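Below is target-v9.cif, which holds mmCIF, C-alpha atoms and all ligand atoms.
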data_data
loop_
_atom_site.label_atom_id
_atom_site.label_comp_id
_atom_site.auth_asym_id
_atom_site.auth_seq_id
_atom_site.Cartn_x
_atom_site.Cartn_y
_atom_site.Cartn_z
CA MET A 1 -39.63 23.77 -114.10
CA ASP A 2 -42.52 26.13 -113.58
CA HIS A 3 -43.14 29.68 -112.48
CA PHE A 4 -45.04 29.05 -109.24
CA LEU A 5 -42.54 29.82 -106.52
CA TYR A 6 -42.51 31.17 -102.98
CA ARG A 7 -41.18 34.69 -102.58
CA ASP A 8 -40.89 36.30 -99.17
CA GLY A 9 -43.10 33.58 -97.71
CA ALA A 10 -45.92 33.82 -100.27
CA LEU A 11 -46.71 31.71 -103.31
CA TYR A 12 -46.53 33.60 -106.60
CA ALA A 13 -47.63 32.87 -110.14
CA GLU A 14 -44.80 34.58 -112.07
CA ASP A 15 -44.79 38.06 -110.50
CA VAL A 16 -48.31 37.98 -109.08
CA PRO A 17 -49.08 36.85 -105.51
CA ILE A 18 -51.65 34.03 -105.57
CA ALA A 19 -53.37 35.61 -102.56
CA ASP A 20 -54.02 38.79 -104.59
CA ILE A 21 -55.78 36.80 -107.31
CA ALA A 22 -57.80 34.94 -104.68
CA ALA A 23 -58.88 38.22 -103.11
CA ALA A 24 -59.96 39.59 -106.49
CA VAL A 25 -61.70 36.59 -108.08
CA GLY A 26 -62.66 34.44 -105.08
CA THR A 27 -61.87 30.76 -104.61
CA PRO A 28 -61.63 28.16 -106.01
CA PHE A 29 -60.00 29.05 -109.32
CA TYR A 30 -57.46 27.83 -111.85
CA VAL A 31 -54.41 29.95 -112.59
CA TYR A 32 -51.99 29.41 -115.48
CA SER A 33 -48.54 30.80 -116.12
CA THR A 34 -47.84 32.10 -119.63
CA ALA A 35 -44.08 31.70 -119.16
CA THR A 36 -44.46 28.04 -118.20
CA LEU A 37 -46.79 27.27 -121.12
CA LEU A 38 -44.34 28.86 -123.54
CA ARG A 39 -41.32 27.25 -121.94
CA HIS A 40 -42.83 23.77 -122.30
CA PHE A 41 -43.91 24.36 -125.89
CA THR A 42 -40.44 25.66 -126.75
CA LEU A 43 -38.76 22.64 -125.14
CA PHE A 44 -40.60 20.37 -127.57
CA ASP A 45 -40.09 22.68 -130.52
CA GLU A 46 -36.34 22.81 -129.86
CA ALA A 47 -36.10 19.07 -129.18
CA LEU A 48 -37.32 18.48 -132.74
CA SER A 49 -35.40 21.33 -134.34
CA GLY A 50 -33.19 18.97 -136.34
CA MET A 51 -36.23 17.70 -138.24
CA ASP A 52 -39.03 19.19 -140.30
CA HIS A 53 -41.73 19.22 -137.61
CA LEU A 54 -44.88 20.69 -136.11
CA VAL A 55 -45.81 20.52 -132.42
CA CYS A 56 -49.59 20.13 -132.37
CA TYR A 57 -50.75 20.93 -128.83
CA ALA A 58 -53.37 18.38 -127.69
CA MET A 59 -55.90 20.98 -126.63
CA LYS A 60 -58.01 18.45 -124.75
CA ALA A 61 -55.56 19.11 -121.89
CA ALA A 62 -56.58 22.77 -121.47
CA SER A 63 -58.54 24.55 -124.15
CA ASN A 64 -59.30 28.05 -122.94
CA GLN A 65 -59.11 30.50 -125.85
CA ALA A 66 -56.38 32.52 -124.12
CA ILE A 67 -54.22 29.43 -123.68
CA LEU A 68 -54.72 28.42 -127.30
CA LYS A 69 -53.87 31.94 -128.50
CA THR A 70 -50.73 32.00 -126.36
CA LEU A 71 -49.49 28.75 -127.88
CA ALA A 72 -50.67 29.47 -131.42
CA GLN A 73 -48.82 32.79 -131.42
CA ALA A 74 -45.67 30.85 -130.48
CA GLY A 75 -46.15 28.67 -133.56
CA ALA A 76 -48.04 25.67 -132.20
CA GLY A 77 -50.43 23.63 -134.28
CA MET A 78 -53.40 21.98 -132.56
CA ASP A 79 -54.58 18.41 -132.16
CA VAL A 80 -58.39 18.40 -131.90
CA VAL A 81 -60.76 15.54 -131.14
CA SER A 82 -64.21 17.05 -131.65
CA GLY A 83 -66.11 19.63 -133.64
CA GLY A 84 -66.13 21.81 -130.54
CA GLU A 85 -62.35 21.68 -130.25
CA TYR A 86 -62.01 22.40 -133.97
CA ALA A 87 -64.23 25.47 -133.53
CA ARG A 88 -62.20 26.56 -130.51
CA ALA A 89 -58.93 26.26 -132.41
CA ARG A 90 -60.27 28.28 -135.33
CA ALA A 91 -61.75 30.89 -132.98
CA ALA A 92 -58.32 31.28 -131.39
CA GLY A 93 -56.91 32.09 -134.82
CA VAL A 94 -55.28 28.76 -135.65
CA PRO A 95 -55.33 28.23 -139.43
CA GLY A 96 -56.81 24.97 -140.70
CA ASP A 97 -53.50 23.81 -142.09
CA ARG A 98 -52.13 23.67 -138.54
CA ILE A 99 -54.96 21.55 -137.14
CA VAL A 100 -54.93 17.76 -137.03
CA PHE A 101 -58.15 15.91 -136.27
CA SER A 102 -57.79 12.82 -134.05
CA GLY A 103 -60.36 10.65 -132.33
CA VAL A 104 -62.05 7.32 -132.69
CA GLY A 105 -65.58 8.57 -133.41
CA LYS A 106 -65.57 11.58 -135.71
CA THR A 107 -69.08 12.18 -136.99
CA ALA A 108 -69.98 13.11 -140.59
CA ASP A 109 -70.91 16.63 -139.38
CA GLU A 110 -67.55 17.09 -137.65
CA ILE A 111 -65.73 15.84 -140.73
CA ARG A 112 -67.67 18.23 -142.97
CA MET A 113 -66.93 21.13 -140.66
CA ALA A 114 -63.18 20.46 -140.81
CA LEU A 115 -63.14 19.83 -144.55
CA THR A 116 -64.90 23.07 -145.31
CA GLY A 117 -63.00 25.08 -142.70
CA GLY A 118 -59.57 23.70 -143.61
CA ILE A 119 -57.57 20.87 -142.06
CA ARG A 120 -53.99 19.65 -142.04
CA GLN A 121 -54.96 16.00 -141.83
CA PHE A 122 -57.38 13.52 -140.35
CA ASN A 123 -55.93 10.72 -138.26
CA VAL A 124 -58.28 7.94 -139.33
CA GLU A 125 -59.00 5.18 -136.84
CA SER A 126 -61.19 2.63 -138.64
CA GLU A 127 -62.47 1.43 -141.99
CA PRO A 128 -66.05 2.63 -141.41
CA GLU A 129 -64.70 6.08 -140.56
CA MET A 130 -62.65 6.00 -143.75
CA ALA A 131 -65.79 5.29 -145.78
CA VAL A 132 -67.64 8.24 -144.22
CA LEU A 133 -64.66 10.54 -144.71
CA ASN A 134 -64.43 9.50 -148.38
CA ARG A 135 -68.14 10.15 -148.89
CA VAL A 136 -68.17 13.55 -147.17
CA ALA A 137 -64.98 14.65 -148.96
CA GLY A 138 -66.69 13.73 -152.24
CA GLU A 139 -69.75 15.81 -151.29
CA VAL A 140 -67.59 18.79 -150.33
CA GLY A 141 -65.53 18.32 -153.49
CA VAL A 142 -62.08 17.91 -151.93
CA ARG A 143 -59.56 15.15 -151.27
CA ALA A 144 -59.07 14.63 -147.56
CA PRO A 145 -55.45 14.26 -146.41
CA ILE A 146 -55.18 11.31 -144.04
CA THR A 147 -52.87 9.31 -141.87
CA ILE A 148 -54.09 6.05 -140.42
CA ARG A 149 -53.66 5.53 -136.71
CA VAL A 150 -52.03 2.19 -136.11
CA ASN A 151 -52.24 0.39 -132.83
CA PRO A 152 -48.75 -1.04 -132.28
CA ASP A 153 -49.75 -3.37 -129.40
CA VAL A 154 -47.24 -1.81 -127.02
CA ASP A 155 -47.75 -1.64 -123.27
CA ALA A 156 -47.43 2.03 -122.31
CA LYS A 157 -47.09 1.08 -118.62
CA THR A 158 -49.42 3.81 -117.48
CA HIS A 159 -52.81 3.97 -115.72
CA ALA A 160 -55.26 1.56 -117.43
CA LYS A 161 -57.77 4.34 -118.14
CA ILE A 162 -55.25 6.33 -120.19
CA ALA A 163 -53.34 3.56 -122.00
CA THR A 164 -54.32 3.35 -125.66
CA GLY A 165 -51.71 1.31 -127.51
CA LYS A 166 -52.60 -2.27 -126.61
CA SER A 167 -54.65 -4.45 -128.91
CA GLU A 168 -57.50 -4.56 -126.36
CA ASN A 169 -57.90 -0.75 -126.53
CA LYS A 170 -60.44 0.83 -128.87
CA PHE A 171 -57.89 2.98 -130.67
CA GLY A 172 -56.45 2.74 -134.18
CA ILE A 173 -56.25 -0.30 -136.42
CA PRO A 174 -54.05 -3.27 -135.49
CA ILE A 175 -50.63 -2.75 -137.00
CA SER A 176 -50.83 -6.30 -138.32
CA ARG A 177 -53.67 -5.21 -140.63
CA ALA A 178 -52.04 -1.96 -141.75
CA ARG A 179 -51.15 -3.05 -145.31
CA GLU A 180 -54.70 -4.16 -146.02
CA VAL A 181 -56.23 -0.95 -144.63
CA TYR A 182 -53.75 1.30 -146.47
CA ALA A 183 -54.61 -0.54 -149.70
CA LEU A 184 -58.28 0.17 -149.05
CA ALA A 185 -57.54 3.85 -148.35
CA ALA A 186 -55.55 4.16 -151.57
CA SER A 187 -58.51 2.83 -153.53
CA LEU A 188 -60.84 5.55 -152.24
CA GLU A 189 -61.08 8.44 -154.64
CA HIS A 190 -61.54 11.29 -152.18
CA LEU A 191 -58.76 10.37 -149.75
CA GLU A 192 -55.11 11.25 -150.01
CA VAL A 193 -52.86 9.01 -147.92
CA ILE A 194 -49.94 11.03 -146.57
CA GLY A 195 -48.61 9.23 -143.53
CA ILE A 196 -48.92 7.19 -140.36
CA ASP A 197 -50.23 8.12 -136.91
CA VAL A 198 -49.59 6.47 -133.56
CA HIS A 199 -50.41 7.38 -129.94
CA ILE A 200 -49.91 4.80 -127.21
CA GLY A 201 -51.09 6.50 -124.04
CA SER A 202 -50.72 9.35 -121.63
CA GLN A 203 -48.53 10.10 -118.60
CA LEU A 204 -45.71 7.82 -119.79
CA THR A 205 -42.78 8.14 -117.44
CA ASP A 206 -40.47 5.77 -119.32
CA LEU A 207 -39.26 6.21 -122.90
CA ALA A 208 -39.01 2.49 -123.68
CA PRO A 209 -42.64 2.07 -124.87
CA PHE A 210 -42.23 5.08 -127.22
CA GLU A 211 -39.07 3.51 -128.61
CA LEU A 212 -40.82 0.20 -129.29
CA ALA A 213 -43.79 1.91 -130.94
CA TYR A 214 -41.69 4.25 -133.10
CA GLN A 215 -39.48 1.37 -134.25
CA LYS A 216 -42.61 -0.40 -135.42
CA VAL A 217 -43.74 2.76 -137.22
CA ALA A 218 -40.33 3.04 -138.93
CA GLU A 219 -40.57 -0.53 -140.12
CA LEU A 220 -44.12 0.01 -141.33
CA THR A 221 -43.05 3.12 -143.24
CA GLY A 222 -40.66 0.98 -145.30
CA THR A 223 -43.29 -1.68 -145.93
CA LEU A 224 -45.97 0.80 -146.99
CA ARG A 225 -43.59 2.71 -149.24
CA ALA A 226 -42.64 -0.58 -150.90
CA ASP A 227 -46.38 -1.14 -151.45
CA GLY A 228 -46.45 2.17 -153.34
CA HIS A 229 -47.96 4.49 -150.70
CA THR A 230 -46.76 8.00 -150.03
CA ILE A 231 -45.60 8.21 -146.43
CA LYS A 232 -44.28 11.72 -145.92
CA ARG A 233 -45.63 12.60 -142.48
CA LEU A 234 -45.46 10.74 -139.17
CA ASP A 235 -47.72 11.82 -136.32
CA LEU A 236 -46.17 10.32 -133.22
CA GLY A 237 -48.90 11.28 -130.76
CA GLY A 238 -48.50 12.72 -127.27
CA GLY A 239 -48.12 11.16 -123.89
CA LEU A 240 -44.86 12.29 -122.32
CA GLY A 241 -45.47 12.32 -118.56
CA ILE A 242 -44.86 15.00 -115.95
CA PRO A 243 -43.67 14.86 -112.32
CA TYR A 244 -46.82 14.99 -110.17
CA ALA A 245 -44.97 14.30 -106.91
CA ARG A 246 -41.96 16.57 -107.00
CA SER A 247 -40.22 14.71 -104.22
CA ASN A 248 -39.69 11.41 -106.02
CA GLU A 249 -40.41 11.60 -109.74
CA ALA A 250 -38.12 12.52 -112.62
CA PRO A 251 -39.79 11.64 -115.92
CA PRO A 252 -37.79 11.87 -119.15
CA LEU A 253 -37.17 15.31 -120.63
CA PRO A 254 -38.45 16.52 -124.01
CA THR A 255 -34.81 16.62 -125.19
CA ASP A 256 -34.42 12.88 -124.53
CA TYR A 257 -37.73 12.29 -126.27
CA GLY A 258 -36.60 14.37 -129.27
CA ALA A 259 -33.37 12.39 -129.48
CA LEU A 260 -35.37 9.17 -129.42
CA ILE A 261 -37.55 10.39 -132.28
CA GLU A 262 -34.49 11.33 -134.30
CA ARG A 263 -32.92 7.92 -133.61
CA THR A 264 -35.99 5.85 -134.47
CA VAL A 265 -37.60 7.70 -137.39
CA GLY A 266 -35.24 10.58 -138.24
CA HIS A 267 -33.68 8.75 -141.19
CA LEU A 268 -37.00 8.36 -143.01
CA GLY A 269 -37.16 11.91 -144.36
CA CYS A 270 -40.67 12.41 -143.01
CA GLU A 271 -42.19 15.51 -141.54
CA ILE A 272 -42.71 14.83 -137.82
CA GLU A 273 -45.73 15.83 -135.79
CA ILE A 274 -46.19 15.32 -132.08
CA GLU A 275 -49.30 15.94 -129.97
CA PRO A 276 -48.24 16.75 -126.41
CA GLY A 277 -50.93 18.03 -124.06
CA ARG A 278 -50.09 17.29 -120.45
CA LEU A 279 -46.44 18.26 -120.57
CA ILE A 280 -47.28 21.67 -122.00
CA ALA A 281 -50.20 22.58 -119.72
CA GLY A 282 -49.92 20.32 -116.65
CA ASN A 283 -47.33 22.11 -114.60
CA ALA A 284 -48.37 25.45 -116.04
CA GLY A 285 -51.52 25.50 -113.90
CA LEU A 286 -52.62 25.42 -110.27
CA MET A 287 -56.03 25.02 -108.72
CA VAL A 288 -56.31 27.32 -105.73
CA SER A 289 -58.82 26.57 -103.00
CA GLU A 290 -59.68 27.80 -99.52
CA VAL A 291 -60.04 25.75 -96.36
CA ILE A 292 -63.67 26.01 -95.23
CA TYR A 293 -63.39 23.89 -92.09
CA VAL A 294 -60.91 21.73 -90.28
CA LYS A 295 -62.99 18.89 -88.91
CA SER A 296 -61.75 16.42 -86.31
CA GLY A 297 -62.97 12.91 -86.99
CA GLU A 298 -62.68 9.81 -84.82
CA ASP A 299 -59.16 8.95 -85.91
CA ARG A 300 -58.21 11.64 -88.40
CA ASP A 301 -58.56 15.29 -89.27
CA PHE A 302 -60.33 16.44 -92.42
CA LEU A 303 -59.38 19.53 -94.32
CA ILE A 304 -62.64 20.52 -96.01
CA LEU A 305 -61.93 22.74 -99.01
CA ASP A 306 -64.18 24.87 -101.20
CA GLY A 307 -62.80 23.04 -104.27
CA ALA A 308 -64.22 19.61 -105.02
CA MET A 309 -64.18 16.62 -107.34
CA ASN A 310 -66.31 18.47 -109.87
CA ASP A 311 -63.56 21.09 -110.15
CA LEU A 312 -60.62 18.66 -110.32
CA ILE A 313 -61.70 15.08 -110.94
CA ARG A 314 -58.32 13.41 -111.46
CA PRO A 315 -57.87 12.12 -107.87
CA ALA A 316 -61.39 10.61 -107.82
CA MET A 317 -61.17 9.23 -111.34
CA TYR A 318 -57.60 7.94 -111.60
CA ASP A 319 -56.45 7.94 -107.96
CA ALA A 320 -54.13 10.66 -109.21
CA HIS A 321 -51.69 12.35 -106.88
CA HIS A 322 -51.43 16.15 -106.87
CA ASP A 323 -49.01 17.94 -104.61
CA ILE A 324 -51.02 20.35 -102.44
CA VAL A 325 -49.12 23.28 -100.96
CA PRO A 326 -50.12 26.12 -98.65
CA VAL A 327 -50.16 29.54 -100.29
CA VAL A 328 -48.40 30.99 -97.24
CA GLU A 329 -45.00 29.31 -97.10
CA PRO A 330 -44.60 27.16 -93.99
CA ALA A 331 -41.74 28.14 -91.71
CA PRO A 332 -38.67 25.96 -92.23
CA GLY A 333 -38.95 22.85 -90.04
CA ALA A 334 -42.63 23.58 -89.19
CA ASP A 335 -44.48 20.56 -87.79
CA GLN A 336 -46.48 18.56 -90.30
CA VAL A 337 -49.75 16.83 -89.52
CA PRO A 338 -51.74 14.28 -91.55
CA TYR A 339 -55.01 15.40 -93.14
CA ASP A 340 -57.61 13.78 -95.31
CA ILE A 341 -58.16 16.55 -97.84
CA VAL A 342 -61.71 16.59 -99.15
CA GLY A 343 -64.27 18.75 -100.95
CA PRO A 344 -67.88 19.54 -100.00
CA VAL A 345 -69.55 17.28 -102.61
CA CYS A 346 -71.89 14.67 -101.18
CA GLU A 347 -69.94 11.51 -101.88
CA SER A 348 -66.94 9.87 -100.30
CA GLY A 349 -65.15 9.86 -103.66
CA ASP A 350 -64.78 13.60 -103.22
CA THR A 351 -61.39 13.04 -101.60
CA PHE A 352 -58.22 14.63 -102.94
CA ALA A 353 -55.73 12.95 -100.61
CA LYS A 354 -55.68 10.72 -97.55
CA GLY A 355 -53.25 11.14 -94.66
CA ARG A 356 -51.43 13.91 -96.53
CA MET A 357 -48.73 15.54 -94.39
CA MET A 358 -49.24 19.31 -94.29
CA PRO A 359 -48.39 22.13 -91.91
CA ALA A 360 -51.31 22.80 -89.57
CA LEU A 361 -53.96 24.78 -91.44
CA ALA A 362 -57.04 26.70 -90.36
CA ALA A 363 -60.29 27.88 -91.94
CA GLY A 364 -59.59 30.68 -94.39
CA ASP A 365 -56.13 29.43 -95.38
CA LEU A 366 -55.43 29.00 -99.10
CA VAL A 367 -53.92 25.89 -100.67
CA ALA A 368 -52.74 25.27 -104.23
CA PHE A 369 -52.99 22.00 -106.13
CA ARG A 370 -49.92 21.73 -108.31
CA SER A 371 -49.83 20.14 -111.77
CA ALA A 372 -53.50 20.95 -112.29
CA GLY A 373 -53.17 22.78 -115.61
CA ALA A 374 -53.84 19.72 -117.77
CA TYR A 375 -57.10 17.78 -117.57
CA GLY A 376 -58.26 20.04 -114.73
CA ALA A 377 -60.61 22.80 -115.88
CA VAL A 378 -61.53 20.89 -119.05
CA MET A 379 -62.82 17.91 -117.08
CA SER A 380 -64.76 19.95 -114.55
CA SER A 381 -68.53 19.90 -114.25
CA GLU A 382 -71.34 21.66 -112.42
CA TYR A 383 -72.23 18.64 -110.29
CA ASN A 384 -74.09 19.76 -107.14
CA THR A 385 -74.81 22.97 -109.09
CA ARG A 386 -71.37 24.21 -108.24
CA PRO A 387 -70.46 26.84 -110.85
CA LEU A 388 -67.50 26.10 -113.14
CA ILE A 389 -64.61 27.81 -111.45
CA PRO A 390 -62.83 30.78 -113.03
CA GLU A 391 -59.65 30.47 -115.03
CA VAL A 392 -56.97 33.16 -114.71
CA LEU A 393 -53.92 33.69 -116.90
CA VAL A 394 -50.80 35.36 -115.55
CA HIS A 395 -48.26 37.12 -117.74
CA GLY A 396 -45.37 38.65 -115.81
CA ASP A 397 -46.92 41.05 -113.31
CA GLN A 398 -50.28 41.11 -115.09
CA TYR A 399 -53.20 38.76 -114.79
CA ALA A 400 -56.59 38.43 -116.42
CA VAL A 401 -59.68 36.36 -115.81
CA ILE A 402 -59.95 34.24 -118.95
CA ARG A 403 -63.20 32.52 -117.96
CA PRO A 404 -65.42 34.14 -115.34
CA ARG A 405 -67.38 32.24 -112.74
CA PRO A 406 -70.99 31.97 -113.92
CA THR A 407 -73.74 33.25 -111.65
CA PHE A 408 -76.38 30.88 -110.29
CA ASP A 409 -78.94 32.57 -112.57
CA GLU A 410 -76.78 31.92 -115.63
CA ILE A 411 -76.63 28.26 -114.71
CA ILE A 412 -80.32 27.94 -113.92
CA ASN A 413 -81.42 29.85 -116.99
CA ARG A 414 -79.75 27.36 -119.32
CA ASP A 415 -82.57 24.99 -118.41
CA THR A 416 -85.85 25.43 -120.29
CA ILE A 417 -89.29 24.55 -118.97
CA PRO A 418 -91.67 22.53 -121.18
CA GLU A 419 -94.98 24.23 -121.89
CA TRP A 420 -97.00 21.73 -119.85
CA LEU A 421 -95.36 22.85 -116.62
N1 LIG B 501 -53.02 12.58 -128.84
C1 LIG B 501 -54.03 11.73 -128.66
C2 LIG B 501 -54.58 11.01 -129.81
C3 LIG B 501 -54.55 11.54 -127.36
O1 LIG B 501 -55.55 10.68 -127.17
C4 LIG B 501 -53.99 12.25 -126.27
C5 LIG B 501 -54.52 12.09 -124.91
C6 LIG B 501 -52.93 13.14 -126.53
C7 LIG B 501 -52.47 13.27 -127.83
C8 LIG B 501 -52.28 13.95 -125.45
O2 LIG B 501 -51.66 13.17 -124.49
P1 LIG B 501 -50.79 13.87 -123.35
O3 LIG B 501 -49.56 14.46 -124.01
O4 LIG B 501 -51.62 14.92 -122.72
O5 LIG B 501 -50.47 12.78 -122.41
N2 LIG B 501 -57.77 12.76 -118.65
C9 LIG B 501 -56.57 11.98 -118.45
C10 LIG B 501 -55.67 11.98 -119.68
C11 LIG B 501 -56.35 11.50 -120.94
C12 LIG B 501 -55.46 11.54 -122.15
C13 LIG B 501 -56.23 11.23 -123.39
N3 LIG B 501 -55.52 11.35 -124.61
C14 LIG B 501 -55.84 12.48 -117.21
O6 LIG B 501 -56.33 13.39 -116.55
O7 LIG B 501 -54.79 11.94 -116.86
#
Take the structure I supplied and represent it as structure tokens, if you would.
Amino acid sequence: MDHFLYRDGALYAEDVPIADIAAAVGTPFYVYSTATLLRHFTLFDEALSGMDHLVCYAMKAASNQAILKTLAQAGAGMDVVSGGEYARARAAGVPGDRIVFSGVGKTADEIRMALTGGIRQFNVESEPEMAVLNRVAGEVGVRAPITIRVNPDVDAKTHAKIATGKSENKFGIPISRAREVYALAASLEHLEVIGIDVHIGSQLTDLAPFELAYQKVAELTGTLRADGHTIKRLDLGGGLGIPYARSNEAPPLPTDYGALIERTVGHLGCEIEIEPGRLIAGNAGLMVSEVIYVKSGEDRDFLILDGAMNDLIRPAMYDAHHDIVPVVEPAPGADQVPYDIVGPVCESGDTFAKGRMMPALAAGDLVAFRSAGAYGAVMSSEYNTRPLIPEVLVHGDQYAVIRPRPTFDEIINRDTIPEWL
């Protein structure tokens, strides 16, 4: 459920008409709903309420300071994967002991930054990383709390580019080598082993792969405890999928996911962490764009929008489907026509949808891409020197620009000219 609904024939974000925001900030832009963000966070928090737990929002999904503050004030921790994300989380007021640091290539500088600033734990992904973490922790004069990310060799049955839990993926250490790697970790003076981490992929629409992975983690917990390790925290990753096509998708609910966690690992007495990103932010955001031209081709009509692949790359990159809806509600039973919906960027990959059935639209009409809150703004670029588009946050009947559109001069002036020119 989200808070983007038609009222009296117009699309609203909570109590604000989308067309009003478009008139004030110009198109294209991203708009997020506070109520939807909070609702999704709370669903996870409540689904785990029977266990000692922390929901660490995977801020890679949408990391605007206002979004982080909204979630942090509701009690969320953060999952970060870079020094930049760590800095963002701290700037949004998240204390270090609510930040977990994931990622396969943490640098010594990033590790030092988190160790000095405060960190809940590092999810370590390899032996060489463990050695660097041990060295830097020694230099800083602390013991670094760690889990080790195990790769359970489970097929997440999702898009190949976002599956992470098979042995051919670069993530974690093979679960078959876990005992050996935990023994190594325990021998390193500046590390404190506290638990196990697993994350098998993103946009999972079936719970079965989670169940397989978490059963393996439960089994491993027993083995590692028998080896003498302290396993008091399980980080179970993120990945629960969302419905991108409302008409035909019904992915599992956070409550079912919570019940699965309780069933598979609840008896172990561990503190549970999860790292959802997409399910919290995805359906809490729209990208709104204006039709520039309707162009008749040889055998099809093109809807040419002012938003493009640099603003929302998921269709070009993953062949992802986003529902696209007109901001003015079509009359009931209105005729639908097929459009290829494209942006102005100079490559054919700049296509959002082919043969998409829509009511007839004209230049100047507004459309909204649904489910664009996660991996939308954060993956955008200034390709074709198209400015990063604004982000807007709605809260009831109020809204605020939470990232303004840069001017052309601001973009150009980031470049510097060498003295020989
Ligand atoms: N934890 C770890 C270690 C991750 O790598 C990820 C996502 C998450 C948590 C959050 O997963 P989520 O709950 O959002 O599924 N750009 C792609 C998605 C990449 C996901 C990468 N890792 C997309 O647009 O679909």
Please, what is the axis-aligned box for every listed atom of ligand LIG 501 (chain B) with 5 Å on each side, as centre and edge lengths in Å to one decimal, as AutoDock Vina command-line options?
--center_x -53.7 --center_y 12.8 --center_z -123.2 --size_x 18.2 --size_y 14.2 --size_z 23.3
Taking 3 positions as the minimum chain separation for residues in the same chain, which residues sit within 8 Å of Asp323 in chain A when counting only C-alpha atoms? Answer as a CSV table (one decimal) with C-alpha atoms, in the coordinates of the input.
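Okay, this is what ended up in part.csv:
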chain,number,residue,atom,x,y,z
A,244,TYR,CA,-46.8,15.0,-110.2
A,245,ALA,CA,-45.0,14.3,-106.9
A,246,ARG,CA,-42.0,16.6,-107.0
A,369,PHE,CA,-53.0,22.0,-106.1
A,370,ARG,CA,-49.9,21.7,-108.3
A,371,SER,CA,-49.8,20.1,-111.8
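Interatomic distance, CA of Met130 in chain A against CA of Ala87 in chain A: 22.0 Å.
Remark: for ligand LIG 501 (chain B), the closest of the candidate residues A:Asn169, A:Gln73, A:Thr27, A:Ser187 is A:Asn169 (distances computed over all atoms listed in the file).
When only C-alpha atoms and all ligand atoms are used to compute distances to ligand LIG 501 (chain B), the closest of the residues A:Pro390, A:Gly172, A:Gly258, A:Gly93 turns out to be A:Gly172.
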- prompt: Do you know which residues are within 9 Å of ligand LIG 501 (chain B) using only C-alpha atoms and all ligand atoms? Can you write them as a PyMOL selection string?
  reply: chain A and resi 56-61+79-81+101-104+123+149+159+161-164+171+197-204+236-242+274-282+313-315+317-318+320+374-376+378-379
message: Give me the residues near range 339-343 of chain A as JSON, numbers by chain, where near means some atom within 10 Å (using all atoms listed in the file) and where sequence neighbours in that chain fewer than 6 positions away do not count.
response: {"A": [289, 291, 292, 294, 295, 296, 297, 300, 301, 302, 303, 304, 305, 306, 307, 308, 309, 310, 311, 324, 349, 350, 351, 352, 353, 354, 355, 356, 357, 358, 359, 360, 361]}
Atoms to include: C-alpha atoms. Write the selected residues as a PDB file, in the frame of the given file.
ATOM      1  CA  SER A 289     -58.820  26.570-103.000  1.00  0.00           C
ATOM      2  CA  VAL A 291     -60.040  25.750 -96.360  1.00  0.00           C
ATOM      3  CA  ILE A 292     -63.670  26.010 -95.230  1.00  0.00           C
ATOM      4  CA  VAL A 294     -60.910  21.730 -90.280  1.00  0.00           C
ATOM      5  CA  LYS A 295     -62.990  18.890 -88.910  1.00  0.00           C
ATOM      6  CA  SER A 296     -61.750  16.420 -86.310  1.00  0.00           C
ATOM      7  CA  GLY A 297     -62.970  12.910 -86.990  1.00  0.00           C
ATOM      8  CA  ARG A 300     -58.210  11.640 -88.400  1.00  0.00           C
ATOM      9  CA  ASP A 301     -58.560  15.290 -89.270  1.00  0.00           C
ATOM     10  CA  PHE A 302     -60.330  16.440 -92.420  1.00  0.00           C
ATOM     11  CA  LEU A 303     -59.380  19.530 -94.320  1.00  0.00           C
ATOM     12  CA  ILE A 304     -62.640  20.520 -96.010  1.00  0.00           C
ATOM     13  CA  LEU A 305     -61.930  22.740 -99.010  1.00  0.00           C
ATOM     14  CA  ASP A 306     -64.180  24.870-101.200  1.00  0.00           C
ATOM     15  CA  GLY A 307     -62.800  23.040-104.270  1.00  0.00           C
ATOM     16  CA  ALA A 308     -64.220  19.610-105.020  1.00  0.00           C
ATOM     17  CA  MET A 309     -64.180  16.620-107.340  1.00  0.00           C
ATOM     18  CA  ASN A 310     -66.310  18.470-109.870  1.00  0.00           C
ATOM     19  CA  ASP A 311     -63.560  21.090-110.150  1.00  0.00           C
ATOM     20  CA  ILE A 324     -51.020  20.350-102.440  1.00  0.00           C
ATOM     21  CA  GLY A 349     -65.150   9.860-103.660  1.00  0.00           C
ATOM     22  CA  ASP A 350     -64.780  13.600-103.220  1.00  0.00           C
ATOM     23  CA  THR A 351     -61.390  13.040-101.600  1.00  0.00           C
ATOM     24  CA  PHE A 352     -58.220  14.630-102.940  1.00  0.00           C
ATOM     25  CA  ALA A 353     -55.730  12.950-100.610  1.00  0.00           C
ATOM     26  CA  LYS A 354     -55.680  10.720 -97.550  1.00  0.00           C
ATOM     27  CA  GLY A 355     -53.250  11.140 -94.660  1.00  0.00           C
ATOM     28  CA  ARG A 356     -51.430  13.910 -96.530  1.00  0.00           C
ATOM     29  CA  MET A 357     -48.730  15.540 -94.390  1.00  0.00           C
ATOM     30  CA  MET A 358     -49.240  19.310 -94.290  1.00  0.00           C
ATOM     31  CA  PRO A 359     -48.390  22.130 -91.910  1.00  0.00           C
ATOM     32  CA  ALA A 360     -51.310  22.800 -89.570  1.00  0.00           C
ATOM     33  CA  LEU A 361     -53.960  24.780 -91.440  1.00  0.00           C
TER      34      LEU A 361
END
- prompt: If you count all atoms listed in the file, which residues fall within 10 Å of Gly105 in chain A, apart from same-chain ones fewer than 4 positions away, as JSON, numbers by chain?
  reply: {"A": [81, 82, 110, 124, 125, 126, 128, 129, 171]}
